[in-house]
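Q: What follows is coords-v2.cif, made up of mmCIF, C-alpha atoms:
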```
data_data
loop_
_atom_site.label_atom_id
_atom_site.label_comp_id
_atom_site.auth_asym_id
_atom_site.auth_seq_id
_atom_site.Cartn_x
_atom_site.Cartn_y
_atom_site.Cartn_z
CA MET A 82 65.35 162.50 -91.20
CA SER A 83 61.62 162.92 -90.98
CA SER A 84 59.30 160.85 -88.84
CA LYS A 85 55.84 161.27 -87.45
CA PRO A 86 55.61 163.21 -84.19
CA VAL A 87 54.39 161.18 -81.23
CA SER A 88 51.02 162.37 -79.97
CA VAL A 89 47.88 160.99 -78.41
CA ASN A 90 46.18 161.99 -81.66
CA ASP A 91 48.36 159.53 -83.56
CA ALA A 92 46.63 156.56 -81.95
CA PRO A 93 44.86 154.45 -84.61
CA GLY A 94 41.30 155.60 -85.21
CA ALA A 95 41.63 158.73 -83.06
CA ALA A 96 40.28 161.95 -84.52
CA PRO A 97 42.69 164.89 -84.51
CA VAL A 98 41.96 167.17 -81.58
CA GLU A 99 43.68 170.56 -81.43
CA ARG A 100 44.33 171.98 -77.99
CA PRO A 101 43.56 175.68 -77.46
CA ASP A 102 46.49 178.02 -78.00
CA LEU A 103 48.17 178.86 -74.70
CA VAL A 104 48.84 182.57 -74.14
CA MET A 105 51.03 183.88 -71.34
CA VAL A 106 50.02 187.33 -70.06
CA VAL A 107 52.88 189.14 -68.31
CA ASP A 108 51.81 192.35 -66.54
CA ASP A 109 52.18 193.69 -62.99
CA ASP A 110 48.91 195.65 -63.32
CA GLU A 111 46.20 193.30 -62.01
CA ASP A 112 43.38 195.17 -63.77
CA ILE A 113 45.00 195.11 -67.22
CA ALA A 114 46.22 191.53 -66.83
CA GLY A 115 42.74 190.45 -65.73
CA PHE A 116 41.10 192.26 -68.66
CA VAL A 117 43.44 190.67 -71.20
CA ALA A 118 43.18 187.19 -69.66
CA PHE A 119 39.38 187.30 -69.40
CA ASN A 120 38.85 188.31 -73.01
CA LEU A 121 41.36 185.76 -74.32
CA LYS A 122 39.55 182.99 -72.41
CA VAL A 123 36.18 184.14 -73.74
CA HIS A 124 37.54 183.76 -77.26
CA GLY A 125 38.80 180.21 -76.67
CA PHE A 126 42.40 180.71 -75.61
CA GLU A 127 44.02 179.06 -72.61
CA VAL A 128 45.78 181.63 -70.42
CA ILE A 129 48.52 181.65 -67.79
CA ARG A 130 49.66 184.79 -65.99
CA ALA A 131 52.92 186.18 -64.62
CA ALA A 132 53.45 189.45 -62.74
CA ASN A 133 56.89 190.23 -64.15
CA GLY A 134 59.63 188.99 -66.46
CA GLU A 135 61.39 186.84 -63.88
CA GLU A 136 58.18 185.05 -62.96
CA ALA A 137 57.45 184.50 -66.66
CA LEU A 138 60.84 182.84 -67.22
CA GLU A 139 60.24 180.56 -64.23
CA LEU A 140 56.81 179.55 -65.54
CA MET A 141 58.30 178.69 -68.91
CA GLU A 142 60.42 176.00 -67.29
CA THR A 143 57.25 173.91 -66.97
CA ARG A 144 54.76 175.49 -69.42
CA ARG A 145 55.29 176.17 -73.09
CA PRO A 146 53.02 179.03 -74.26
CA ASP A 147 52.25 179.60 -77.93
CA LEU A 148 52.39 183.39 -77.53
CA ALA A 149 53.22 185.95 -74.84
CA VAL A 150 51.41 189.25 -74.27
CA VAL A 151 53.97 191.33 -72.35
CA ASP A 152 53.74 194.75 -70.71
CA TRP A 153 56.62 197.12 -71.46
CA MET A 154 56.94 198.71 -68.00
CA MET A 155 57.30 196.18 -65.16
CA PRO A 156 59.43 195.97 -62.01
CA ARG A 157 62.47 193.65 -61.72
CA MET A 158 62.53 192.87 -65.46
CA ASP A 159 60.72 194.93 -68.09
CA GLY A 160 59.15 193.64 -71.28
CA VAL A 161 62.07 194.51 -73.55
CA GLU A 162 64.59 192.65 -71.38
CA LEU A 163 62.22 189.68 -71.09
CA THR A 164 61.93 189.57 -74.88
CA ARG A 165 65.71 189.64 -75.25
CA ARG A 166 66.03 186.76 -72.80
CA LEU A 167 63.39 184.74 -74.63
CA ARG A 168 65.13 185.25 -77.97
CA ALA A 169 68.46 184.13 -76.50
CA GLU A 170 67.18 180.75 -75.30
CA PRO A 171 66.75 177.83 -77.76
CA LEU A 172 63.44 176.64 -76.32
CA THR A 173 61.80 180.09 -76.47
CA SER A 174 63.60 181.74 -79.38
CA ALA A 175 60.59 181.29 -81.70
CA LEU A 176 57.94 182.36 -79.16
CA PRO A 177 55.88 185.27 -80.60
CA VAL A 178 55.65 188.34 -78.35
CA ILE A 179 53.06 191.12 -78.42
CA MET A 180 54.08 194.17 -76.38
CA LEU A 181 51.56 196.20 -74.38
CA THR A 182 52.71 199.79 -74.16
CA ALA A 183 51.56 203.32 -73.53
CA LYS A 184 54.52 204.52 -75.53
CA GLY A 185 53.70 205.74 -79.01
CA MET A 186 57.07 207.10 -80.03
CA THR A 187 58.69 205.51 -83.07
CA VAL A 188 62.03 205.22 -81.28
CA ASP A 189 60.43 203.10 -78.53
CA LYS A 190 58.91 200.76 -81.09
CA VAL A 191 62.29 200.43 -82.78
CA VAL A 192 63.83 199.39 -79.43
CA GLY A 193 61.17 196.73 -78.99
CA LEU A 194 61.41 195.44 -82.54
CA THR A 195 65.17 195.23 -82.25
CA ALA A 196 64.74 193.11 -79.12
CA GLY A 197 62.47 190.74 -81.07
CA VAL A 198 58.92 191.94 -80.41
CA ASP A 199 56.49 190.68 -83.08
CA ASP A 200 53.67 193.20 -82.65
CA TYR A 201 52.36 196.04 -80.46
CA LEU A 202 49.18 196.99 -78.65
CA VAL A 203 49.14 200.62 -77.57
CA LYS A 204 47.03 201.35 -74.47
CA PRO A 205 44.15 201.90 -74.31
CA PHE A 206 43.02 199.15 -76.67
CA ASP A 207 39.69 197.37 -77.12
CA THR A 208 38.82 193.68 -77.11
CA ALA A 209 38.48 193.40 -80.89
CA GLU A 210 41.99 194.75 -81.47
CA LEU A 211 43.45 192.46 -78.78
CA ILE A 212 41.92 189.33 -80.26
CA ALA A 213 42.73 190.35 -83.83
CA ARG A 214 46.41 190.92 -83.07
CA VAL A 215 46.79 187.74 -81.03
CA SER A 216 45.05 185.65 -83.69
CA SER A 217 46.99 187.13 -86.61
CA THR A 218 50.33 186.83 -84.81
CA LEU A 219 49.66 183.17 -83.99
CA ARG A 220 48.61 182.51 -87.58
CA ARG A 221 51.79 184.10 -88.98
CA THR A 222 53.90 182.21 -86.50
CA LYS A 223 52.41 178.85 -87.43
CA GLU A 224 52.90 179.59 -91.11
CA PHE A 225 56.45 180.92 -91.01
CA ARG A 226 58.04 179.42 -87.92
CA GLU A 227 57.82 175.67 -88.02
CA VAL A 228 57.96 174.56 -84.41
CA SER A 229 57.22 171.21 -82.78
CA PRO A 230 53.95 171.63 -80.84
CA LEU A 231 55.15 169.13 -78.26
CA THR A 232 58.59 170.54 -77.42
CA GLY A 233 58.58 174.09 -78.76
CA LEU A 234 61.79 173.34 -80.68
CA PRO A 235 62.30 174.22 -84.36
CA GLY A 236 61.23 171.52 -86.82
CA ASN A 237 62.53 170.06 -90.08
CA ALA A 238 62.42 173.17 -92.28
CA ARG A 239 64.16 175.37 -89.71
CA VAL A 240 66.82 172.69 -89.08
CA THR A 241 67.51 172.50 -92.80
CA ARG A 242 67.88 176.28 -93.08
CA GLU A 243 70.29 176.31 -90.14
CA ILE A 244 72.56 173.68 -91.76
CA VAL A 245 72.44 175.54 -95.08
CA ASP A 246 73.35 178.81 -93.34
CA ARG A 247 76.28 177.14 -91.55
CA LEU A 248 77.59 175.70 -94.81
CA ARG A 249 77.38 179.12 -96.46
CA GLY A 250 79.11 180.73 -93.48
CA GLY A 251 82.11 178.48 -93.94
CA GLY A 252 82.93 178.05 -90.23
CA ASP A 253 83.49 174.81 -88.32
CA PHE A 254 80.32 173.14 -87.06
CA SER A 255 78.89 169.77 -86.04
CA VAL A 256 75.42 168.31 -86.58
CA GLY A 257 74.22 165.75 -84.07
CA TYR A 258 71.31 163.40 -84.74
CA ILE A 259 69.79 162.00 -81.54
CA ASP A 260 67.51 158.97 -81.27
CA ILE A 261 65.92 157.58 -78.09
CA ASP A 262 66.62 153.84 -78.00
CA ARG A 263 63.70 151.52 -77.19
CA PHE A 264 61.17 154.33 -77.25
CA LYS A 265 58.52 152.22 -79.00
CA PRO A 266 58.18 149.78 -76.06
CA VAL A 267 57.51 152.79 -73.81
CA ASN A 268 54.55 153.77 -76.01
CA ASP A 269 53.39 150.14 -76.28
CA VAL A 270 53.39 149.56 -72.51
CA TYR A 271 52.53 152.98 -71.07
CA GLY A 272 50.65 154.68 -73.92
CA PHE A 273 51.20 157.85 -75.93
CA ASP A 274 50.70 160.24 -73.01
CA ARG A 275 53.67 158.76 -71.16
CA GLY A 276 55.60 158.67 -74.41
CA ASP A 277 55.04 162.41 -74.79
CA GLU A 278 56.53 162.90 -71.32
CA PHE A 279 59.72 161.16 -72.44
CA ILE A 280 59.87 163.47 -75.48
CA THR A 281 59.44 166.66 -73.47
CA THR A 282 61.97 165.38 -70.93
CA MET A 283 64.45 164.90 -73.75
CA ALA A 284 63.86 168.48 -74.89
CA ARG A 285 64.50 169.82 -71.39
CA SER A 286 67.67 167.74 -71.04
CA LEU A 287 68.89 169.10 -74.37
CA HIS A 288 68.18 172.64 -73.25
CA ARG A 289 70.07 172.20 -69.98
CA ALA A 290 73.00 170.58 -71.77
CA ALA A 291 73.11 173.44 -74.29
CA THR A 292 73.30 175.91 -71.42
CA VAL A 293 76.24 174.03 -69.90
CA ALA A 294 77.98 173.91 -73.31
CA GLY A 295 78.20 177.71 -73.25
CA LYS A 296 79.06 179.95 -76.18
CA PRO A 297 78.56 179.95 -79.08
CA SER A 298 74.88 179.17 -78.63
CA VAL A 299 73.84 175.64 -79.53
CA PHE A 300 70.99 175.25 -82.03
CA LEU A 301 68.41 172.64 -81.03
CA GLY A 302 65.73 171.04 -83.18
CA HIS A 303 62.99 168.41 -82.89
CA ILE A 304 62.47 166.70 -86.23
CA GLY A 305 59.64 164.44 -85.12
CA GLY A 306 58.87 161.57 -82.77
CA ASP A 307 61.92 160.70 -80.69
CA ASP A 308 64.40 162.26 -83.13
CA PHE A 309 66.26 165.45 -82.19
CA VAL A 310 69.08 167.53 -83.69
CA PHE A 311 71.74 169.81 -82.29
CA ILE A 312 74.12 172.06 -84.22
CA CYS A 313 77.17 173.41 -82.44
CA HIS A 314 80.92 174.02 -82.63
CA PRO A 315 82.90 170.74 -82.77
CA ASP A 316 84.57 171.49 -79.42
CA GLN A 317 81.14 171.49 -77.75
CA VAL A 318 80.07 168.02 -78.91
CA LEU A 319 81.48 165.89 -76.08
CA PRO A 320 80.57 168.16 -73.14
CA LEU A 321 77.12 168.68 -74.66
CA THR A 322 76.40 164.98 -75.25
CA LYS A 323 77.82 163.80 -71.92
CA HIS A 324 75.69 166.25 -69.93
CA MET A 325 72.65 165.50 -72.10
CA VAL A 326 72.90 161.74 -71.57
CA THR A 327 73.43 161.98 -67.81
CA ASP A 328 70.54 164.41 -67.41
CA PHE A 329 68.14 162.50 -69.67
CA GLU A 330 68.80 159.03 -68.24
CA SER A 331 68.34 160.32 -64.69
CA SER A 332 65.13 162.16 -65.60
CA ALA A 333 63.73 159.34 -67.74
CA ASP A 334 64.16 156.81 -64.91
CA GLN A 335 61.59 158.82 -62.95
CA LEU A 336 59.00 158.37 -65.71
CA TYR A 337 58.87 154.58 -65.47
CA ASP A 338 56.61 152.77 -63.04
CA PRO A 339 58.64 152.22 -59.84
CA GLU A 340 58.83 148.43 -60.26
CA ASP A 341 60.06 148.70 -63.86
CA ALA A 342 62.66 151.32 -62.94
CA ARG A 343 63.90 149.18 -60.05
CA ARG A 344 64.41 146.02 -62.11
CA GLY A 345 65.79 147.90 -65.14
CA TYR A 346 63.40 146.75 -67.85
CA ILE A 347 59.76 146.74 -68.95
CA GLU A 348 57.77 143.75 -70.14
CA VAL A 349 56.26 144.17 -73.60
CA PRO A 350 53.39 141.83 -74.67
CA ASP A 351 54.10 139.96 -77.91
CA ARG A 352 51.70 138.54 -80.50
CA ARG A 353 51.87 135.06 -78.99
CA GLY A 354 50.58 136.23 -75.62
CA GLY A 355 54.00 136.19 -74.02
CA LYS A 356 56.17 139.02 -72.82
CA GLN A 357 59.48 140.36 -74.08
CA ARG A 358 61.90 142.33 -71.93
CA ALA A 359 62.93 145.80 -73.12
CA ALA A 360 65.74 147.61 -71.33
CA LEU A 361 65.27 151.19 -70.20
CA VAL A 362 65.80 153.98 -72.73
CA THR A 363 69.24 155.21 -73.71
CA LEU A 364 70.45 157.62 -76.42
CA SER A 365 72.15 156.95 -79.73
CA ILE A 366 73.84 160.03 -81.18
CA GLY A 367 75.44 160.35 -84.61
CA VAL A 368 77.57 163.40 -85.36
CA ALA A 369 78.71 164.84 -88.70
CA GLN A 370 81.58 167.34 -88.67
CA SER A 371 82.30 170.17 -91.08
CA THR A 372 85.77 171.50 -90.27
CA ALA A 373 88.73 173.08 -92.04
CA GLY A 374 90.82 170.27 -93.48
CA GLY A 375 88.13 167.71 -92.65
CA ARG A 376 85.51 166.00 -94.75
CA PRO A 377 84.22 168.43 -97.40
CA PHE A 378 80.48 169.13 -97.63
CA ASP A 379 78.79 171.17 -100.34
CA ASP A 380 75.19 170.10 -99.70
CA TYR A 381 73.16 170.00 -96.49
CA ARG A 382 71.80 166.58 -97.50
CA ALA A 383 75.28 165.11 -97.34
CA VAL A 384 75.67 166.42 -93.78
CA VAL A 385 72.33 164.87 -92.81
CA ALA A 386 73.28 161.57 -94.45
CA VAL A 387 76.55 161.32 -92.51
CA ALA A 388 74.85 162.19 -89.21
CA SER A 389 72.24 159.49 -89.94
CA GLU A 390 74.99 157.00 -90.78
CA MET A 391 76.80 157.75 -87.53
CA LYS A 392 73.56 157.40 -85.58
CA LYS A 393 73.23 153.85 -86.93
CA VAL A 394 76.78 153.13 -85.78
CA ALA A 395 75.92 154.43 -82.30
CA LYS A 396 72.72 152.39 -82.25
CA SER A 397 74.66 149.18 -82.83
CA GLN A 398 76.46 149.67 -79.50
CA PRO A 399 75.13 148.96 -75.99
CA GLY A 400 74.06 151.81 -73.74
CA SER A 401 74.10 155.47 -74.63
CA TYR A 402 76.64 156.11 -77.37
CA VAL A 403 77.93 158.91 -79.59
CA ALA A 404 79.59 158.15 -82.91
CA ILE A 405 81.47 161.13 -84.35
CA ASP A 406 82.54 161.20 -87.98
CA ARG A 407 86.05 162.68 -88.30
CA ARG A 408 86.82 161.31 -91.74
CA ARG A 409 88.86 163.39 -94.11
CA GLY A 410 88.07 160.96 -96.88
CA ASP A 411 86.85 157.47 -96.06
CA SER A 412 88.24 156.56 -92.66
CA GLU A 413 88.32 157.45 -88.97
CA THR A 414 85.34 157.80 -86.69
CA ASP A 415 85.17 158.28 -82.94
CA ASP A 416 82.91 155.94 -80.95
CA VAL A 417 82.31 157.19 -77.43
CA PRO A 418 80.21 155.26 -74.88
CA LEU A 419 78.31 157.73 -72.72
CA GLY A 420 76.12 155.60 -70.51
#
```
Take the structure in the file and give it back as structure tokens.
A:
Amino acid sequence: MSSKPVSVNDAPGAAPVERPDLVMVVDDDEDIAGFVAFNLKVHGFEVIRAANGEEALELMETRRPDLAVVDWMMPRMDGVELTRRLRAEPLTSALPVIMLTAKGMTVDKVVGLTAGVDDYLVKPFDTAELIARVSSTLRRTKEFREVSPLTGLPGNARVTREIVDRLRGGGDFSVGYIDIDRFKPVNDVYGFDRGDEFITTMARSLHRAATVAGKPSVFLGHIGGDDFVFICHPDQVLPLTKHMVTDFESSADQLYDPEDARRGYIEVPDRRGGKQRAALVTLSIGVAQSTAGGRPFDDYRAVVAVASEMKKVAKSQPGSYVAIDRRRGDSETDDVPLG
């Protein structure tokens, strides 16, 4: 299930270039927010600012920070509530949060830690402590929370742990393996930058579809390149995939050059100097099911193998397609055209 993430740095001969870590500073106090932002920039961080929790959530629709420095006391939505909201959303669940607070009581720290705060800075603090805590929190996060740098979604190791945990839990669940059809021609014609836009668009479509699917929360993962994973209750599979496909195809159409979108294909140069037509992107989705009385699984690798098998079945069909494995032994799958 692993593949190489798409990035401008993956172009042949290109030297790896790391972008600065992006820190979101959330504080309604202009002086403190300015102090924090200035010192972070001086030490090489990129910074965006929000005046309260609601503004921060809105900004995160379009920007994906690597860390948030959040004030405890703010109007409209305080830092603890913001942290709870971040932890509840798939795209921001792994975002590290450092809380700025004048509160020194142990009980207050317990409240914050319970909400999901990673570290604290008690006011007043100096520049050295600020930079040290931000740097160490980012380092720990990169070491222990494998996250796709492009989409902010959990990567291979976290996906594996989630499947293992579901198997141990014994409840019904489904694992969906998503592949963007004809993604390579997009990179060949438009370049890696445009390809990255298709990937981030897919992540946003997944997030919106997961919201529509409701409870229980849907787990989302990005395992590299144009390959994504979702883990949910079996009853959520069809509403999730139908909304995902509709949203993604509509959004992806806007990423093509107008002429290509209008005629419904792109022209890809071949080795002989000619051009081959490649239809616009669609989605192939393979789904493995672990349900009471269904196909038994005792190893996460078997679940992954079945999802991969079903993805190949979906890929053999025209348009966006979901192939769901419902076999108790060696028969019965559901093939559902979605596009």
Q: On this structure, which residues satisfy the PyMOL selection byres ((chain A and resi 264) around 9), written as a ChimeraX atom specification?
A: /A:260-263,265-269,276,279,307,361-363
Q: What is the CA of Thr173 (chain A)-CA of Met158 (chain A) distance in Å, reported with one decimal?
A: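 Between CA of Thr173 (chain A) and CA of Met158 (chain A) the gap is 16.9 Å.
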Q: With distances taken over all atoms listed in the file, which residue among A:Met105, A:Leu336, A:Ala213, A:Cys313 lies nearest Pro177 (chain A)?
A: A:Met105
Q: Running the PyMOL selection byres ((chain A and resi 299-305) around 6) on this model by hand, what would come out? Give it as a list of chain:residue names.
A: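 So the PyMOL selection byres ((chain A and resi 299-305) around 6) ends up selecting A:Ser84, A:Lys85, A:Pro86, A:Leu234, A:Pro235, A:Gly236, A:Asn237, A:Ala291, A:Ser298, A:Gly306, A:Asp308, A:Phe309, A:Val310, A:Phe311, A:Ile312, A:Cys313.
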Q: Decode the PyMOL selection byres ((chain A and resi 248) around 12) for the given file into explicit residues and return them as a PyMOL selection string.
A: chain A and resi 241-247+249-256+312+370-373+377-384
Q: CA of Thr143 (chain A) and CA of Thr218 (chain A) are how many Å apart?
A: 23.1 Å
Q: Ranking A:Ala118, A:His124, A:Val106, A:Leu364 by minimum distance to Leu140 (chain A) and counting all atoms listed in the file, which one comes first?
A: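 Of A:Ala118, A:His124, A:Val106, A:Leu364, the one nearest Leu140 (chain A), counting all atoms listed in the file, is A:Val106.
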Q: When you draw a straight line from CA of Ser286 (chain A) to CA of Met325 (chain A), how long is it in Å?
A: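 Value for the CA of Ser286 (chain A)-CA of Met325 (chain A) distance: 5.6 Å.
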Q: My list of candidates is A:Gly272, A:Gly233, A:Pro297, A:Pro320. Which is closest to Val349 (chain A) when distances are computed with only C-alpha atoms?
A: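 Among the listed residues, A:Gly272 lies closest to Val349 (chain A).
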Q: Could you give me, as a list in words, the residues that have an atom at most 9 Å away from the point (72.1, 160.9, -85.5) in the coordinates of the file, using only C-alpha atoms?
A: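 Protein and nucleic acid residues near the point are Met82, Val256, Gly257, Tyr258, Ile259, Asp260, Asp308, Phe309, Val310, Ser365, Ile366, Gly367, Val368, Ala369, Val385, Val387, Ala388, Ser389, Glu390, Met391, Lys392, Lys393, Ala395, Val403 and Ala404 of chain A.
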Q: Write out the residues from the selection above, keeping C-alpha atoms, as a compact mmCIF listing (two decimals), in the frame of the given file.
A:
```txt
# COMPACT_ATOMS: atom_id res chain seq x y z
CA MET A 82 65.35 162.50 -91.20
CA VAL A 256 75.42 168.31 -86.58
CA GLY A 257 74.22 165.75 -84.07
CA TYR A 258 71.31 163.40 -84.74
CA ILE A 259 69.79 162.00 -81.54
CA ASP A 260 67.51 158.97 -81.27
CA ASP A 308 64.40 162.26 -83.13
CA PHE A 309 66.26 165.45 -82.19
CA VAL A 310 69.08 167.53 -83.69
CA SER A 365 72.15 156.95 -79.73
CA ILE A 366 73.84 160.03 -81.18
CA GLY A 367 75.44 160.35 -84.61
CA VAL A 368 77.57 163.40 -85.36
CA ALA A 369 78.71 164.84 -88.70
CA VAL A 385 72.33 164.87 -92.81
CA VAL A 387 76.55 161.32 -92.51
CA ALA A 388 74.85 162.19 -89.21
CA SER A 389 72.24 159.49 -89.94
CA GLU A 390 74.99 157.00 -90.78
CA MET A 391 76.80 157.75 -87.53
CA LYS A 392 73.56 157.40 -85.58
CA LYS A 393 73.23 153.85 -86.93
CA ALA A 395 75.92 154.43 -82.30
CA VAL A 403 77.93 158.91 -79.59
CA ALA A 404 79.59 158.15 -82.91
```
Q: Can you tell me, as number ranges by chain, what residues are no more than 12 Å from Ala342 (chain A) when counting only C-alpha atoms, ignoring any on the same chain fewer than 5 positions away?
A: A: 330-337, 347-348, 359-362
Q: Give me region 326-343 of chain A with N, CA and C atoms filled in, as a PDB file, keeping the file's coordinate frame.
A:
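Result written to selection19.pdb:
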```
ATOM      1  N   VAL A 326      73.185 163.137 -71.885  1.00  0.00           N
ATOM      2  CA  VAL A 326      72.900 161.740 -71.570  1.00  0.00           C
ATOM      3  C   VAL A 326      72.687 161.552 -70.067  1.00  0.00           C
ATOM      4  N   THR A 327      73.562 162.112 -69.264  1.00  0.00           N
ATOM      5  CA  THR A 327      73.430 161.980 -67.810  1.00  0.00           C
ATOM      6  C   THR A 327      72.106 162.555 -67.326  1.00  0.00           C
ATOM      7  N   ASP A 328      71.769 163.738 -67.820  1.00  0.00           N
ATOM      8  CA  ASP A 328      70.540 164.410 -67.410  1.00  0.00           C
ATOM      9  C   ASP A 328      69.314 163.625 -67.868  1.00  0.00           C
ATOM     10  N   PHE A 329      69.313 163.184 -69.125  1.00  0.00           N
ATOM     11  CA  PHE A 329      68.140 162.500 -69.670  1.00  0.00           C
ATOM     12  C   PHE A 329      67.923 161.148 -68.994  1.00  0.00           C
ATOM     13  N   GLU A 330      68.983 160.349 -68.831  1.00  0.00           N
ATOM     14  CA  GLU A 330      68.800 159.030 -68.240  1.00  0.00           C
ATOM     15  C   GLU A 330      68.292 159.139 -66.805  1.00  0.00           C
ATOM     16  N   SER A 331      68.806 160.116 -66.061  1.00  0.00           N
ATOM     17  CA  SER A 331      68.340 160.320 -64.690  1.00  0.00           C
ATOM     18  C   SER A 331      66.874 160.744 -64.667  1.00  0.00           C
ATOM     19  N   SER A 332      66.507 161.672 -65.555  1.00  0.00           N
ATOM     20  CA  SER A 332      65.130 162.160 -65.600  1.00  0.00           C
ATOM     21  C   SER A 332      64.172 161.105 -66.116  1.00  0.00           C
ATOM     22  N   ALA A 333      64.599 160.353 -67.141  1.00  0.00           N
ATOM     23  CA  ALA A 333      63.730 159.340 -67.740  1.00  0.00           C
ATOM     24  C   ALA A 333      63.434 158.207 -66.760  1.00  0.00           C
ATOM     25  N   ASP A 334      64.391 157.872 -65.896  1.00  0.00           N
ATOM     26  CA  ASP A 334      64.160 156.810 -64.910  1.00  0.00           C
ATOM     27  C   ASP A 334      62.952 157.122 -64.036  1.00  0.00           C
ATOM     28  N   GLN A 335      62.707 158.415 -63.797  1.00  0.00           N
ATOM     29  CA  GLN A 335      61.590 158.820 -62.950  1.00  0.00           C
ATOM     30  C   GLN A 335      60.237 158.677 -63.641  1.00  0.00           C
ATOM     31  N   LEU A 336      60.243 158.470 -64.954  1.00  0.00           N
ATOM     32  CA  LEU A 336      59.000 158.370 -65.710  1.00  0.00           C
ATOM     33  C   LEU A 336      58.469 156.945 -65.795  1.00  0.00           C
ATOM     34  N   TYR A 337      59.320 155.975 -65.477  1.00  0.00           N
ATOM     35  CA  TYR A 337      58.870 154.580 -65.470  1.00  0.00           C
ATOM     36  C   TYR A 337      58.073 154.289 -64.200  1.00  0.00           C
ATOM     37  N   ASP A 338      57.235 153.256 -64.264  1.00  0.00           N
ATOM     38  CA  ASP A 338      56.610 152.770 -63.040  1.00  0.00           C
ATOM     39  C   ASP A 338      57.719 152.305 -62.101  1.00  0.00           C
ATOM     40  N   PRO A 339      57.563 152.530 -60.794  1.00  0.00           N
ATOM     41  CA  PRO A 339      58.640 152.220 -59.840  1.00  0.00           C
ATOM     42  C   PRO A 339      59.208 150.810 -59.972  1.00  0.00           C
ATOM     43  N   GLU A 340      58.350 149.805 -60.163  1.00  0.00           N
ATOM     44  CA  GLU A 340      58.830 148.430 -60.260  1.00  0.00           C
ATOM     45  C   GLU A 340      59.700 148.234 -61.505  1.00  0.00           C
ATOM     46  N   ASP A 341      59.280 148.826 -62.628  1.00  0.00           N
ATOM     47  CA  ASP A 341      60.060 148.700 -63.860  1.00  0.00           C
ATOM     48  C   ASP A 341      61.411 149.398 -63.728  1.00  0.00           C
ATOM     49  N   ALA A 342      61.405 150.586 -63.117  1.00  0.00           N
ATOM     50  CA  ALA A 342      62.660 151.320 -62.940  1.00  0.00           C
ATOM     51  C   ALA A 342      63.614 150.546 -62.033  1.00  0.00           C
ATOM     52  N   ARG A 343      63.072 149.900 -61.015  1.00  0.00           N
ATOM     53  CA  ARG A 343      63.900 149.180 -60.050  1.00  0.00           C
ATOM     54  C   ARG A 343      64.570 147.958 -60.681  1.00  0.00           C
TER      55      ARG A 343
END
```
